[in-house]
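Engineer: The structure under discussion is supplied below as structure tokens; questions concerning it will follow.
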Amino acid sequence: MNAIRFTCQTGCTQCCDQKGNVYLTEADLKRAAAFVGMTAAAFEAKYVYRTRHEMRFRKPRNKQCSFLEGHGCGIHPAKPTQCRTFPFWPEIVERKETWNRTAHYCPGIGKGPLIQIGTAMETAEEQRRAYPEMYK
Ligand code: SF4
Ligand code: SF4
């Protein structure tokens, strides 16, 4: 692939249902906490499950993510890195087959402006750097 097309479709949250766990960096935690007007400690206690190597959102019983609302992401300007970088994740964008397979549930793939593959790969590298445990 030399170039791809992508534009996120307003109001679509289909990737939120597909992401599985939503992992956070320390910066993600601080940004999301500030966005909802909480301290990082209070936000973590309420929404985050932390292990020795990683942090992820606790999953509420009745939906995929605590911040998933009818019209989209309730913390959109401060959503975690993995949500912001999707669908330019290394495991998706580095192979044409996975890119095409992801298009089955992401209606933004194949639409919008042409994006040079180098630009998409820069975002993929950002994703890789943010979650070293995931990509080692
Ligand atoms: S599935 Fe694709 S189009 Fe829909 S919100 Fe996610 S990135 Fe945007
Ligand atoms: S934080 Fe927002 S974008 Fe990420 S999974 Fe939750 S609702 Fe979706």
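Every chain in the structure tokens takes a letter, A first, then B, and so on in the order presented; its residues are numbered from 1, and the ligands are numbered from 1 following the presented order.
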DSSP on the backbone: which residues in segment 51-86 of chain A end up as strand (DSSP E)? Give the answer as a list in words.
Structural biologist: Met55, Arg56, Phe57, Leu68, Glu69, Gly72 and Cys73 of chain A
Engineer: Within 10 Å of ligand 1 (counting only C-alpha atoms and all ligand atoms), which residues show up? I'd like them as a PyMOL selection string.
Structural biologist: chain A and resi 6-19+72-73+83-88+102-109+111
Engineer: Generate a file of the selected residues that holds C-alpha atoms, formatted as a PDB file, in the first residue's frame.
Structural biologist:
```pdb
ATOM      1  CA  PHE A   6      -9.581   7.113   5.937  1.00  0.00           C
ATOM      2  CA  THR A   7     -11.905   9.518   7.651  1.00  0.00           C
ATOM      3  CA  CYS A   8     -13.681   8.828  10.925  1.00  0.00           C
ATOM      4  CA  GLN A   9     -17.457   8.792  10.556  1.00  0.00           C
ATOM      5  CA  THR A  10     -19.217  11.124  12.973  1.00  0.00           C
ATOM      6  CA  GLY A  11     -21.218   9.340  15.639  1.00  0.00           C
ATOM      7  CA  CYS A  12     -19.901   5.881  14.749  1.00  0.00           C
ATOM      8  CA  THR A  13     -18.522   3.955  17.727  1.00  0.00           C
ATOM      9  CA  GLN A  14     -18.063   0.561  16.158  1.00  0.00           C
ATOM     10  CA  CYS A  15     -14.348   0.410  16.957  1.00  0.00           C
ATOM     11  CA  CYS A  16     -15.137   0.924  20.664  1.00  0.00           C
ATOM     12  CA  ASP A  17     -16.983  -2.397  20.605  1.00  0.00           C
ATOM     13  CA  GLN A  18     -14.049  -4.135  18.923  1.00  0.00           C
ATOM     14  CA  LYS A  19     -11.121  -2.851  20.945  1.00  0.00           C
ATOM     15  CA  GLY A  72     -19.925   8.808  20.619  1.00  0.00           C
ATOM     16  CA  CYS A  73     -17.041   8.977  23.067  1.00  0.00           C
ATOM     17  CA  CYS A  83      -8.455   5.079  20.728  1.00  0.00           C
ATOM     18  CA  ARG A  84      -6.920   8.143  19.092  1.00  0.00           C
ATOM     19  CA  THR A  85      -4.503   6.207  16.893  1.00  0.00           C
ATOM     20  CA  PHE A  86      -7.071   3.672  15.646  1.00  0.00           C
ATOM     21  CA  PRO A  87      -7.139   2.340  12.905  1.00  0.00           C
ATOM     22  CA  PHE A  88      -3.429   3.144  12.395  1.00  0.00           C
ATOM     23  CA  THR A 102     -10.817  -3.920   9.667  1.00  0.00           C
ATOM     24  CA  ALA A 103     -12.865  -2.141   7.011  1.00  0.00           C
ATOM     25  CA  HIS A 104     -15.625  -4.705   7.685  1.00  0.00           C
ATOM     26  CA  TYR A 105     -16.472  -2.902  10.928  1.00  0.00           C
ATOM     27  CA  CYS A 106     -14.829   0.526  10.444  1.00  0.00           C
ATOM     28  CA  PRO A 107     -16.854   2.458   7.874  1.00  0.00           C
ATOM     29  CA  GLY A 108     -14.212   5.213   7.722  1.00  0.00           C
ATOM     30  CA  ILE A 109     -11.689   2.978   5.963  1.00  0.00           C
ATOM     31  CA  LYS A 111     -13.316   6.992   2.598  1.00  0.00           C
TER      32      LYS A 111
END
```
Engineer: Work out how far atom CA of Leu68 of chain A is from atom CA of Thr119 of chain A, in Å to one decimal.
Structural biologist: 28.0 Å
Engineer: Would you pick out the contacts of Thr39 of chain A at 10 Å or less, using only C-alpha atoms, so that residues sharing its chain but fewer than 6 positions from it are not included, and give the list as a list of chain:residue names?
Structural biologist: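 So the residues in contact are A:Leu29, A:Lys30, A:Arg31, A:Ala32, A:Ala33, A:Ala45.
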Engineer: Taking N, CA and C atoms for each residue, export the selection above as a PDB file, in the first residue's frame.
Structural biologist:
```pdb
ATOM      1  N   LEU A  29      -3.935   8.845  31.382  1.00  0.00           N
ATOM      2  CA  LEU A  29      -4.656   8.882  32.660  1.00  0.00           C
ATOM      3  C   LEU A  29      -4.829  10.320  33.139  1.00  0.00           C
ATOM      4  N   LYS A  30      -3.750  11.081  33.107  1.00  0.00           N
ATOM      5  CA  LYS A  30      -3.807  12.476  33.584  1.00  0.00           C
ATOM      6  C   LYS A  30      -4.731  13.312  32.711  1.00  0.00           C
ATOM      7  N   ARG A  31      -4.636  13.118  31.405  1.00  0.00           N
ATOM      8  CA  ARG A  31      -5.444  13.904  30.468  1.00  0.00           C
ATOM      9  C   ARG A  31      -6.936  13.600  30.635  1.00  0.00           C
ATOM     10  N   ALA A  32      -7.283  12.337  30.735  1.00  0.00           N
ATOM     11  CA  ALA A  32      -8.696  11.961  30.870  1.00  0.00           C
ATOM     12  C   ALA A  32      -9.248  12.436  32.209  1.00  0.00           C
ATOM     13  N   ALA A  33      -8.433  12.320  33.264  1.00  0.00           N
ATOM     14  CA  ALA A  33      -8.876  12.766  34.588  1.00  0.00           C
ATOM     15  C   ALA A  33      -9.154  14.272  34.584  1.00  0.00           C
ATOM     16  N   ALA A  45      -8.952   5.343  40.664  1.00  0.00           N
ATOM     17  CA  ALA A  45      -9.688   4.492  41.601  1.00  0.00           C
ATOM     18  C   ALA A  45     -11.051   4.098  41.031  1.00  0.00           C
TER      19      ALA A  45
END
```
Engineer: Nearest to ligand 2 among A:Pro90, A:Pro80, A:Gly37, A:Gly112, with distances taken over only C-alpha atoms and all ligand atoms: which residue is it?
Structural biologist: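 Once distances to ligand 2 are computed over only C-alpha atoms and all ligand atoms, the minimum belongs to A:Pro80.
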Engineer: As an exercise, work out the distance from atom 6 (Fe, counted along the ligand's line) of ligand 2 to atom CA of Gly70 of chain A in Å and give it to one decimal place.
Structural biologist: 11.8 Å
